[in-house]
>>> print(open('input17.cif').read())   # mmCIF, C-alpha atoms
data_model
loop_
_atom_site.label_atom_id
_atom_site.label_comp_id
_atom_site.auth_asym_id
_atom_site.auth_seq_id
_atom_site.Cartn_x
_atom_site.Cartn_y
_atom_site.Cartn_z
CA MET A 285 12.83 -3.17 14.33
CA LEU A 286 9.65 -2.97 16.38
CA ARG A 287 9.16 0.66 15.46
CA LEU A 288 9.53 -0.22 11.81
CA ALA A 289 6.92 -2.95 12.10
CA ALA A 290 4.57 -0.68 14.02
CA GLY A 291 5.05 2.04 11.45
CA ALA A 292 4.35 -0.38 8.63
CA PHE A 293 1.22 -1.60 10.34
CA VAL A 294 -0.04 1.92 10.90
CA ALA A 295 0.72 2.79 7.29
CA VAL A 296 -1.21 -0.20 6.01
CA ALA A 297 -4.12 0.51 8.32
CA LEU A 298 -4.23 4.18 7.40
CA SER A 299 -3.93 3.48 3.71
CA GLY A 300 -6.89 1.22 4.01
CA CYS A 301 -8.87 3.98 5.66
CA ALA A 302 -7.75 6.63 3.21
CA SER A 303 -8.84 4.76 0.12
CA THR A 304 -12.52 4.61 1.11
CA ALA A 305 -14.55 7.51 2.46
CA SER A 306 -14.92 7.01 6.19
CA ASN A 307 -18.21 5.26 6.83
CA PRO A 308 -19.80 6.46 10.08
CA LYS A 309 -21.36 3.09 10.71
CA ASP A 310 -18.18 1.20 9.89
CA PRO A 311 -15.20 3.33 11.01
CA PHE A 312 -12.79 0.41 10.77
CA GLU A 313 -13.92 -0.46 7.26
CA GLY A 314 -10.43 -0.44 5.75
CA TYR A 315 -9.13 -2.85 8.33
CA ASN A 316 -12.34 -4.91 8.30
CA ARG A 317 -12.27 -5.42 4.56
CA ALA A 318 -8.66 -6.56 4.73
CA VAL A 319 -9.43 -9.11 7.43
CA PHE A 320 -12.60 -10.13 5.58
CA ASN A 321 -10.58 -11.00 2.51
CA PHE A 322 -8.01 -12.83 4.61
CA ASN A 323 -10.70 -14.86 6.37
CA ASP A 324 -12.27 -15.66 3.02
CA LYS A 325 -8.98 -17.05 1.77
CA VAL A 326 -8.56 -19.21 4.86
CA ASP A 327 -12.15 -20.34 4.54
CA THR A 328 -11.89 -21.20 0.86
CA ALA A 329 -8.56 -22.94 1.25
CA VAL A 330 -9.10 -24.87 4.45
CA LEU A 331 -12.31 -24.53 6.36
CA LYS A 332 -15.01 -24.82 3.73
CA PRO A 333 -13.59 -27.89 1.96
CA THR A 334 -13.04 -29.61 5.30
CA ALA A 335 -16.56 -28.83 6.45
CA THR A 336 -18.01 -29.90 3.11
CA ALA A 337 -16.18 -33.21 3.24
CA TYR A 338 -17.16 -33.62 6.89
CA LYS A 339 -20.80 -33.06 6.08
CA LYS A 340 -20.69 -35.45 3.15
CA VAL A 341 -18.72 -38.26 4.71
CA MET A 342 -19.56 -38.33 8.40
CA PRO A 343 -22.68 -40.32 9.26
CA GLY A 344 -25.57 -38.07 10.30
CA PHE A 345 -25.75 -39.37 13.83
CA VAL A 346 -22.06 -38.66 14.38
CA GLN A 347 -22.48 -35.07 13.18
CA THR A 348 -25.51 -34.67 15.43
CA GLY A 349 -23.55 -36.13 18.33
CA VAL A 350 -20.65 -33.73 17.85
CA ASN A 351 -23.04 -30.81 17.53
CA ASN A 352 -24.93 -31.83 20.65
CA PHE A 353 -21.78 -32.42 22.68
CA PHE A 354 -20.41 -28.93 22.14
CA GLY A 355 -23.88 -27.47 22.35
CA ASN A 356 -24.18 -28.96 25.82
CA LEU A 357 -20.86 -27.43 26.90
CA SER A 358 -21.98 -24.02 25.60
CA ASP A 359 -25.23 -24.31 27.56
CA VAL A 360 -23.20 -24.05 30.78
CA TRP A 361 -21.93 -20.53 30.00
CA THR A 362 -25.29 -19.62 28.45
CA ALA A 363 -26.98 -20.47 31.74
CA ALA A 364 -24.51 -18.34 33.69
CA ASN A 365 -25.16 -15.39 31.39
CA GLN A 366 -28.92 -15.79 31.75
CA PHE A 367 -28.52 -15.30 35.49
CA LEU A 368 -26.16 -12.36 34.93
CA GLN A 369 -28.82 -10.79 32.71
CA GLY A 370 -31.45 -11.18 35.41
CA ARG A 371 -33.34 -14.02 33.74
CA PRO A 372 -33.57 -16.75 36.35
CA ALA A 373 -36.28 -18.69 34.51
CA GLU A 374 -34.21 -19.04 31.36
CA GLY A 375 -31.12 -19.71 33.49
CA LEU A 376 -32.87 -22.56 35.22
CA ASN A 377 -34.06 -23.84 31.84
CA ASP A 378 -30.49 -23.98 30.62
CA VAL A 379 -29.08 -25.49 33.82
CA THR A 380 -31.71 -28.23 33.53
CA ARG A 381 -30.71 -28.71 29.89
CA VAL A 382 -27.13 -29.37 30.93
CA ALA A 383 -28.19 -31.70 33.73
CA LEU A 384 -30.51 -33.73 31.50
CA ASN A 385 -28.19 -33.89 28.54
CA THR A 386 -25.10 -34.77 30.53
CA THR A 387 -26.84 -37.65 32.29
CA PHE A 388 -29.63 -39.04 30.15
CA GLY A 389 -28.06 -37.59 27.03
CA ILE A 390 -24.85 -39.51 27.68
CA ALA A 391 -22.30 -36.76 28.21
CA GLY A 392 -24.25 -34.44 25.93
CA LEU A 393 -24.22 -36.59 22.81
CA ILE A 394 -28.00 -36.76 22.70
CA ASP A 395 -30.14 -33.65 23.10
CA VAL A 396 -32.87 -35.13 25.26
CA ALA A 397 -33.61 -31.72 26.77
CA SER A 398 -34.87 -30.21 23.50
CA ALA A 399 -36.99 -33.29 22.90
CA SER A 400 -38.59 -32.78 26.29
CA GLY A 401 -39.44 -29.15 25.52
CA LEU A 402 -36.52 -27.23 27.02
CA ARG A 403 -35.56 -24.73 24.32
CA LYS A 404 -31.95 -24.15 23.47
CA HIS A 405 -30.71 -20.62 24.07
CA ASN A 406 -27.53 -18.88 23.17
CA GLU A 407 -26.06 -16.24 25.45
CA ASP A 408 -22.52 -15.02 25.79
CA PHE A 409 -20.83 -12.33 27.83
CA GLY A 410 -20.99 -9.83 24.99
CA GLN A 411 -24.78 -10.09 25.03
CA THR A 412 -24.76 -9.76 28.81
CA LEU A 413 -22.77 -6.55 28.53
CA GLY A 414 -25.31 -5.37 25.98
CA VAL A 415 -28.18 -6.08 28.35
CA TRP A 416 -26.28 -4.19 31.05
CA GLY A 417 -26.32 -1.16 28.75
CA VAL A 418 -22.97 -1.34 26.98
CA THR A 419 -23.55 -0.41 23.33
CA SER A 420 -21.96 -2.62 20.74
CA GLY A 421 -19.47 -0.16 19.36
CA PRO A 422 -18.28 -0.40 15.76
CA TYR A 423 -18.19 -3.51 13.60
CA LEU A 424 -14.92 -5.34 13.98
CA ILE A 425 -13.92 -8.49 12.11
CA LEU A 426 -11.51 -10.76 13.93
CA PRO A 427 -8.93 -12.83 12.07
CA VAL A 428 -10.27 -16.36 11.58
CA LEU A 429 -12.99 -15.85 14.20
CA GLY A 430 -15.04 -13.61 11.94
CA PRO A 431 -17.49 -10.75 12.53
CA SER A 432 -17.71 -9.20 15.95
CA THR A 433 -18.08 -5.79 17.57
CA VAL A 434 -15.76 -3.85 19.84
CA ARG A 435 -17.83 -4.75 22.90
CA ASP A 436 -17.99 -8.44 22.02
CA THR A 437 -14.27 -8.56 21.30
CA VAL A 438 -13.60 -7.23 24.78
CA ALA A 439 -15.89 -9.92 26.16
CA LEU A 440 -14.28 -12.69 24.15
CA PRO A 441 -11.41 -13.60 26.51
CA LEU A 442 -13.95 -14.21 29.26
CA ASP A 443 -16.08 -16.36 26.95
CA MET A 444 -13.03 -18.39 26.09
CA LYS A 445 -12.01 -18.79 29.71
CA ALA A 446 -15.49 -19.99 30.57
CA ASP A 447 -15.48 -22.71 27.95
CA PRO A 448 -15.28 -26.03 29.82
CA TRP A 449 -13.48 -27.67 26.93
CA ASN A 450 -10.62 -25.27 27.52
CA TYR A 451 -9.68 -27.32 30.56
CA LYS A 452 -9.87 -30.73 28.93
CA ASP A 453 -6.83 -32.91 29.50
CA PRO A 454 -4.85 -34.44 27.77
CA VAL A 455 -4.03 -31.47 25.59
CA HIS A 456 -3.96 -33.36 22.31
CA VAL A 457 -7.55 -34.51 22.87
CA ARG A 458 -8.47 -30.91 23.60
CA HIS A 459 -6.97 -29.78 20.29
CA ILE A 460 -8.72 -32.50 18.32
CA GLY A 461 -11.99 -31.56 19.99
CA THR A 462 -11.52 -27.89 19.22
CA ALA A 463 -10.80 -28.64 15.58
CA LEU A 464 -13.86 -30.86 15.42
CA HIS A 465 -15.97 -28.13 16.98
CA ILE A 466 -14.79 -25.59 14.42
CA VAL A 467 -15.51 -27.92 11.52
CA ASP A 468 -18.93 -28.73 12.98
CA GLN A 469 -19.81 -25.05 13.31
CA ARG A 470 -18.70 -24.39 9.76
CA ALA A 471 -20.68 -27.36 8.47
CA VAL A 472 -23.82 -26.07 10.15
CA LEU A 473 -23.35 -22.80 8.26
CA LEU A 474 -22.58 -24.35 4.86
CA ASP A 475 -26.06 -24.07 3.40
CA ALA A 476 -26.51 -20.57 4.77
CA SER A 477 -23.21 -19.40 3.35
CA ASN A 478 -23.97 -20.89 -0.04
CA LEU A 479 -27.25 -19.03 -0.02
CA LEU A 480 -25.42 -15.87 0.94
CA GLU A 481 -23.26 -16.10 -2.17
CA GLU A 482 -26.40 -15.91 -4.27
CA ALA A 483 -28.36 -13.35 -2.31
CA ALA A 484 -25.74 -10.71 -1.63
CA LEU A 485 -24.62 -8.14 -4.14
CA ASP A 486 -21.68 -7.17 -1.95
CA ARG A 487 -20.91 -9.89 0.55
CA TYR A 488 -18.87 -7.72 2.88
CA GLU A 489 -21.67 -5.18 3.35
CA PHE A 490 -24.41 -7.77 3.39
CA ILE A 491 -22.68 -9.74 6.12
CA ARG A 492 -21.84 -6.61 8.08
CA ASP A 493 -25.38 -5.22 8.05
CA GLY A 494 -26.97 -8.60 8.67
CA PHE A 495 -24.54 -9.40 11.50
CA MET A 496 -25.01 -6.06 13.30
CA GLN A 497 -28.79 -6.44 13.16
CA ARG A 498 -28.62 -10.02 14.35
CA ARG A 499 -26.27 -9.18 17.19
CA GLU A 500 -28.56 -6.40 18.40
CA SER A 501 -31.58 -8.64 18.15
CA LYS A 502 -29.79 -11.28 20.24
CA VAL A 503 -29.09 -8.71 22.94
CA GLN A 504 -32.74 -7.63 22.83
CA ASP A 505 -34.27 -11.09 22.80
CA GLY A 506 -34.59 -11.14 26.56
CA ARG A 507 -36.25 -7.75 26.75
CA GLU A 508 -38.76 -8.52 24.05
CA ASP A 509 -39.88 -11.70 25.76
CA LYS A 510 -40.17 -9.83 29.05
CA GLN A 511 -42.24 -7.15 27.33
CA SER A 512 -44.62 -9.63 25.77
CA ASN A 513 -45.09 -11.37 29.12
CA LYS A 514 -45.89 -8.04 30.70
CA ASP A 515 -48.36 -7.21 27.94
CA ALA A 516 -50.04 -10.54 28.34
CA SER A 517 -50.54 -10.08 32.04
CA SER A 518 -51.61 -6.42 32.03
CA ASP A 519 -54.43 -5.01 29.95
CA LYS A 520 -52.80 -2.10 28.19
CA SER A 521 -49.12 -1.65 27.48
CA SER A 522 -47.76 1.87 27.73
CA LYS A 523 -45.78 1.56 24.45
CA MET B 40 -90.61 -15.86 -8.74
CA LYS B 41 -90.57 -13.22 -6.07
CA PHE B 42 -89.19 -15.69 -3.59
CA PHE B 43 -86.51 -16.61 -6.03
CA LYS B 44 -85.55 -12.98 -6.51
CA GLN B 45 -85.43 -12.50 -2.77
CA LEU B 46 -83.24 -15.53 -2.38
CA LEU B 47 -80.91 -14.24 -5.05
CA ALA B 48 -80.77 -10.82 -3.42
CA VAL B 49 -80.03 -12.26 -0.01
CA SER B 50 -77.37 -14.61 -1.24
CA THR B 51 -75.67 -11.87 -3.24
CA LEU B 52 -75.66 -9.68 -0.17
CA ALA B 53 -74.28 -12.51 1.93
CA PHE B 54 -71.56 -13.20 -0.57
CA ALA B 55 -70.66 -9.54 -0.89
CA SER B 56 -70.53 -8.97 2.83
CA ALA B 57 -68.44 -12.08 3.31
CA SER B 58 -65.81 -10.80 0.92
CA PHE B 59 -65.79 -7.37 2.50
CA ALA B 60 -65.79 -8.75 6.01
CA GLN B 61 -62.41 -9.45 7.63
CA ALA B 62 -59.75 -9.91 5.03
CA GLU B 63 -57.78 -12.86 6.37
CA ALA B 64 -55.91 -11.78 9.50
CA PRO B 65 -52.16 -11.33 8.88
CA ASP B 66 -50.95 -14.06 11.20
CA VAL B 67 -53.57 -16.47 9.87
CA LEU B 68 -52.45 -15.64 6.34
CA VAL B 69 -48.75 -16.19 7.03
CA LYS B 70 -49.46 -19.39 8.93
CA ARG B 71 -51.58 -20.70 6.08
CA ILE B 72 -49.17 -19.99 3.23
CA SER B 73 -46.22 -21.23 5.29
CA LYS B 74 -47.96 -24.50 5.97
CA GLU B 75 -49.10 -24.92 2.38
CA VAL B 76 -45.67 -24.22 0.97
CA LEU B 77 -43.84 -26.41 3.49
CA ASP B 78 -46.23 -29.30 3.00
CA VAL B 79 -45.65 -29.25 -0.74
CA ALA B 80 -41.87 -28.74 -0.40
CA LYS B 81 -41.54 -31.71 1.94
CA THR B 82 -43.68 -34.14 0.01
CA ASP B 83 -43.19 -33.26 -3.64
CA LYS B 84 -40.58 -35.64 -5.05
CA ASP B 85 -39.43 -33.29 -7.80
CA ILE B 86 -38.77 -30.51 -5.32
CA GLN B 87 -36.88 -32.82 -2.99
CA ALA B 88 -34.79 -33.89 -5.98
CA GLY B 89 -33.87 -30.28 -6.70
CA ASN B 90 -36.16 -29.28 -9.56
CA GLN B 91 -35.60 -25.51 -9.62
CA LYS B 92 -38.54 -24.68 -11.85
CA LYS B 93 -41.00 -26.50 -9.65
CA VAL B 94 -39.88 -24.72 -6.52
CA ILE B 95 -40.14 -21.37 -8.25
CA ASP B 96 -43.59 -22.23 -9.53
CA LEU B 97 -44.60 -23.08 -5.98
CA VAL B 98 -43.24 -19.81 -4.65
CA GLU B 99 -44.92 -17.82 -7.42
CA ALA B 100 -48.26 -19.48 -6.88
CA LYS B 101 -48.46 -19.56 -3.11
CA ILE B 102 -46.36 -16.72 -1.81
CA LEU B 103 -45.78 -13.95 -4.33
CA PRO B 104 -49.42 -12.84 -4.51
CA HIS B 105 -49.07 -11.87 -0.84
CA VAL B 106 -45.87 -9.86 -1.15
CA ASP B 107 -45.67 -6.15 -1.92
CA PHE B 108 -42.43 -6.06 -3.91
CA GLN B 109 -42.73 -2.48 -4.92
CA ARG B 110 -42.81 -1.35 -1.33
CA MET B 111 -39.93 -3.67 -0.47
CA THR B 112 -37.83 -2.31 -3.34
CA SER B 113 -38.64 1.32 -2.60
CA LEU B 114 -37.66 0.83 1.04
CA ALA B 115 -34.41 -0.85 0.09
CA ALA B 116 -33.59 1.86 -2.42
CA GLY B 117 -34.21 4.52 0.21
CA ARG B 118 -33.69 8.09 -0.88
CA PHE B 119 -32.69 7.03 -4.40
CA TRP B 120 -36.22 5.80 -5.14
CA ARG B 121 -37.62 9.31 -5.56
CA ASP B 122 -34.94 10.22 -8.07
CA ALA B 123 -35.53 7.17 -10.22
CA THR B 124 -37.81 7.32 -13.25
CA PRO B 125 -41.00 5.20 -13.19
CA GLU B 126 -39.39 2.93 -15.77
CA GLN B 127 -36.31 2.48 -13.59
CA GLN B 128 -38.49 1.85 -10.56
CA GLN B 129 -40.40 -0.80 -12.43
CA LYS B 130 -37.27 -2.51 -13.73
CA LEU B 131 -35.61 -2.39 -10.33
CA THR B 132 -38.67 -3.90 -8.66
CA ALA B 133 -38.81 -6.66 -11.25
CA GLU B 134 -35.13 -7.60 -10.89
CA PHE B 135 -35.17 -7.44 -7.09
CA ARG B 136 -38.28 -9.60 -7.08
CA GLN B 137 -36.55 -12.15 -9.27
CA LEU B 138 -33.48 -12.22 -7.02
CA LEU B 139 -35.61 -12.77 -3.95
CA VAL B 140 -37.59 -15.51 -5.68
CA PHE B 141 -34.38 -17.34 -6.57
CA THR B 142 -32.94 -16.91 -3.10
CA TYR B 143 -36.12 -17.96 -1.33
CA SER B 144 -36.56 -20.94 -3.63
CA GLY B 145 -32.98 -21.95 -2.93
CA ALA B 146 -33.71 -21.92 0.78
CA LEU B 147 -36.98 -23.77 0.31
CA SER B 148 -35.41 -26.58 -1.67
CA GLN B 149 -33.20 -27.36 1.35
CA VAL B 150 -36.16 -28.03 3.61
CA LYS B 151 -36.32 -31.59 4.83
CA ASN B 152 -38.24 -32.03 8.06
CA GLU B 153 -38.06 -28.67 9.72
CA THR B 154 -41.14 -27.42 11.52
CA ILE B 155 -42.39 -23.90 12.03
CA GLU B 156 -43.71 -22.50 15.28
CA PHE B 157 -45.65 -19.26 15.36
CA LYS B 158 -45.54 -16.90 18.30
CA PRO B 159 -48.67 -15.06 19.44
CA MET B 160 -49.07 -11.84 17.48
CA ARG B 161 -49.12 -8.63 19.46
CA ALA B 162 -51.19 -6.12 17.50
CA ALA B 163 -54.25 -3.97 18.04
CA PRO B 164 -57.20 -4.76 15.74
CA GLU B 165 -56.94 -1.31 14.14
CA ASP B 166 -53.21 -1.61 13.29
CA THR B 167 -52.46 -1.38 9.59
CA GLU B 168 -48.87 -2.59 9.97
CA VAL B 169 -48.02 -5.68 11.98
CA GLU B 170 -45.21 -8.08 12.67
CA VAL B 171 -45.76 -11.82 12.61
CA LYS B 172 -43.15 -13.83 14.47
CA SER B 173 -42.20 -17.43 13.93
CA GLN B 174 -39.24 -19.73 14.25
CA VAL B 175 -38.02 -22.65 12.21
CA ASN B 176 -36.95 -25.65 14.26
CA VAL B 177 -33.95 -27.17 12.57
CA ALA B 178 -32.29 -30.52 13.06
CA ARG B 179 -28.98 -29.15 14.32
CA GLY B 180 -28.49 -25.94 16.23
CA GLU B 181 -30.85 -23.36 17.63
CA PRO B 182 -34.18 -22.50 16.03
CA VAL B 183 -33.99 -19.95 13.22
CA GLN B 184 -35.93 -16.77 13.85
CA LEU B 185 -38.27 -15.89 10.96
CA ASN B 186 -40.44 -12.76 11.23
CA TYR B 187 -42.61 -10.93 8.72
CA ARG B 188 -43.78 -7.34 8.44
CA LEU B 189 -47.18 -6.92 6.78
CA ALA B 190 -49.19 -3.90 5.75
CA LYS B 191 -52.90 -3.77 5.18
CA ALA B 192 -53.85 -3.17 1.55
CA PRO B 193 -57.28 -3.10 -0.14
CA ALA B 194 -56.63 -6.56 -1.55
CA GLY B 195 -55.60 -7.97 1.84
CA TRP B 196 -52.48 -8.02 4.00
CA LYS B 197 -49.20 -7.95 2.12
CA ILE B 198 -45.70 -8.87 3.27
CA TYR B 199 -43.14 -6.12 2.76
CA ASP B 200 -40.21 -7.23 4.86
CA ILE B 201 -38.76 -10.47 6.21
CA ASN B 202 -36.48 -11.04 9.16
CA VAL B 203 -34.20 -14.06 9.19
CA LEU B 204 -32.02 -14.69 12.25
CA GLY B 205 -32.55 -11.17 13.51
CA ALA B 206 -31.71 -9.31 10.30
CA TRP B 207 -34.40 -7.51 8.28
CA LEU B 208 -34.09 -8.05 4.53
CA VAL B 209 -34.81 -4.45 3.57
CA GLU B 210 -32.31 -3.07 6.07
CA THR B 211 -29.64 -5.50 4.94
CA TYR B 212 -30.12 -4.74 1.26
CA LYS B 213 -30.15 -0.98 1.83
CA GLY B 214 -26.38 -0.99 2.18
CA ASN B 215 -25.85 -3.04 -0.95
CA PHE B 216 -28.24 -0.88 -2.96
CA ALA B 217 -26.82 2.42 -1.78
CA ALA B 218 -23.26 1.32 -2.48
CA GLU B 219 -24.09 0.11 -5.97
CA ILE B 220 -26.18 3.17 -6.85
CA GLY B 221 -23.39 5.38 -5.54
CA LYS B 222 -20.94 3.68 -7.88
CA THR B 223 -22.96 3.12 -11.04
CA GLY B 224 -26.36 4.76 -10.53
CA VAL B 225 -29.77 3.11 -10.54
CA ASP B 226 -29.21 1.70 -14.02
CA GLY B 227 -25.97 0.10 -12.82
CA LEU B 228 -27.82 -1.53 -9.95
CA ILE B 229 -30.53 -2.83 -12.28
CA LYS B 230 -27.84 -4.23 -14.56
CA LYS B 231 -26.04 -5.95 -11.69
CA LEU B 232 -29.25 -7.53 -10.42
CA ALA B 233 -30.10 -8.70 -13.94
CA GLU B 234 -26.69 -10.32 -14.32
CA ARG B 235 -27.02 -12.06 -10.98
CA ASN B 236 -30.46 -13.33 -11.91
CA LYS B 237 -29.13 -14.75 -15.16
CA GLN B 238 -26.41 -16.55 -13.18
CA LEU B 239 -28.91 -17.99 -10.75
CA ALA B 240 -31.25 -19.11 -13.51
CA ASN B 241 -28.55 -21.24 -15.04
CA LYS B 242 -27.24 -22.73 -11.85
CA PRO B 243 -28.51 -26.22 -10.98
CA MET B 244 -30.32 -26.27 -7.68
CA LYS B 245 -29.05 -28.47 -4.88
CA ALA B 246 -31.25 -31.28 -3.65
CA ALA B 247 -32.33 -31.42 -0.02
CA LYS B 248 -30.01 -33.69 1.92
#
>>> encode(input="input17.cif", output="structure tokens")
Amino acid sequence: MLRLAAGAFVAVALSGCASTASNPKDPFEGYNRAVFNFNDKVDTAVLKPTATAYKKVMPGFVQTGVNNFFGNLSDVWTAANQFLQGRPAEGLNDVTRVALNTTFGIAGLIDVASASGLRKHNEDFGQTLGVWGVTSGPYLILPVLGPSTVRDTVALPLDMKADPWNYKDPVHVRHIGTALHIVDQRAVLLDASNLLEEAALDRYEFIRDGFMQRRESKVQDGREDKQSNKDASSDKSSK
Amino acid sequence: MKFFKQLLAVSTLAFASASFAQAEAPDVLVKRISKEVLDVAKTDKDIQAGNQKKVIDLVEAKILPHVDFQRMTSLAAGRFWRDATPEQQQKLTAEFRQLLVFTYSGALSQVKNETIEFKPMRAAPEDTEVEVKSQVNVARGEPVQLNYRLAKAPAGWKIYDINVLGAWLVETYKGNFAAEIGKTGVDGLIKKLAERNKQLANKPMKAAK
């Protein structure tokens, strides 16, 4: 039975690859397109309407509160990754963000840290691996979770383990929170995704190329800032 | 009379040298048009209500004169540009321009009270191509990265590429263009862009929330 299923899976995967010429920058294109379409269906059926209703119905301050709360939790892992990437200044910035927002920001509901000038960053273990020299590897779309790369997919379990909300008890509150977080994230992207519908001729390719560039630029953001600080302090840069 | 002639000569010289002297620096230019456009977008009641035509007029008046669409289109078309006829090139540029105007206007009409911060520009005075970096501070979430690539032209600096959230527009459209041209040729791409533009022209624009 298992062999049959495995064989069927391989056949489907291979058929996907055989129908389109193999794209050197997207070797998993057959598989990716299939998952892309699947994710689209889930999004159209469930996620987008929920997020649209959420955005319309929920009072603004509640949406901001939800966004801030989960943003605060993500700052914890962001800070850790800053240190892992050898950026103690940014790490300290993010640790201070968490401290300020958890106390004065009432458990993270209010983002007092941004108001006081501490910029919000976003780092995950995939980016840390990138800074350490691991190249991204091919584009890989994950079911439901969306675009990723091989490197970032490998890093994902660690990211998930490091999420403080993962340890929230009781479990039913944890699930409600997770659902709320997902809806919040989708709501934040609503305007952008609507714009994408208009701008892209082929959404799959547009998203792929845009995502890969963005991912690389997120990995590089540390190095660029370091470079500009070096340029500012020395007279001539050797670039 | 002589004095008058001298005065005229001097003032003409002064005027001429002023217009030949520094064309507006690229980061100054981008800062200025960004501010002008944002100020209007935030305060104009029609734009806040979703008046598509008004937003487009704003974009055409304030921004388009500073964009080099032909260069943008030729870069996005890549190796297919050389094989296209001048008429195809012109049509392609016109349709791509229209698509970008619609898309940009769509984004602009969503602006409520975002602010833009510019980062110091790193360029040597003799550079003819520069990158201007900025970020848009939004109400929810991290700031949105917004960078511009400009090239120096006789008429002043012109934008030929835009980076939103880390992705360069030209690079991102290259894939779309190549795929479409591969399937239906340059004419097919022009047709597809034209159809999309017709769709966007008829769609009502959403008001800023």
>>> interface_residues(input="input17.cif", of="chain B", to="chain A", cutoff="7 Å", atoms="only C-alpha atoms", output="PyMOL selection string")
chain B and resi 142+179+181+204-206+211-212+214-215
>>> resolve_selection(input="input17.cif", expression="the PyMOL selection byres ((chain A and resi 367) around 12)", output="PyMOL selection string")
chain A and resi 360-366+368-379+407-409+412+415+506
>>> resolve_selection(input="input17.cif", expression="the PyMOL selection byres ((chain B and resi 187-192) around 8)", output="count of residues only")
19
>>> closest_residue(input="input17.cif", among="A:Val503, A:Ile460, A:Ala439, A:Val428", to="Leu331 of chain A", atoms="all atoms listed in the file")
A:Val428
>>> atom_distance(input="input17.cif", atom1="atom CA of Thr386 of chain A", atom2="atom CA of Asn356 of chain A")
7.5 Å
>>> resolve_selection(input="input17.cif", expression="the PyMOL selection byres ((chain B and resi 127) around 12)", output="MDAnalysis selection string")
chainID B and resid 109 112:113 116 119:126 128:135 224:230
>>> closest_residue(input="input17.cif", among="A:Gly430, A:Pro441, A:Pro448, A:Pro454", to="Arg317 of chain A", atoms="all atoms listed in the file")
A:Gly430
>>> atom_distance(input="input17.cif", atom1="atom CA of Tyr338 of chain A", atom2="atom CA of Val396 of chain A")
24.2 Å
>>> atom_distance(input="input17.cif", atom1="atom CA of Glu165 of chain B", atom2="atom CA of Arg71 of chain B")
21.7 Å
>>> closest_residue(input="input17.cif", among="B:Pro164, B:Ala146, B:Phe141, B:Thr223", to="Asn241 of chain B", atoms="all atoms listed in the file")
B:Phe141
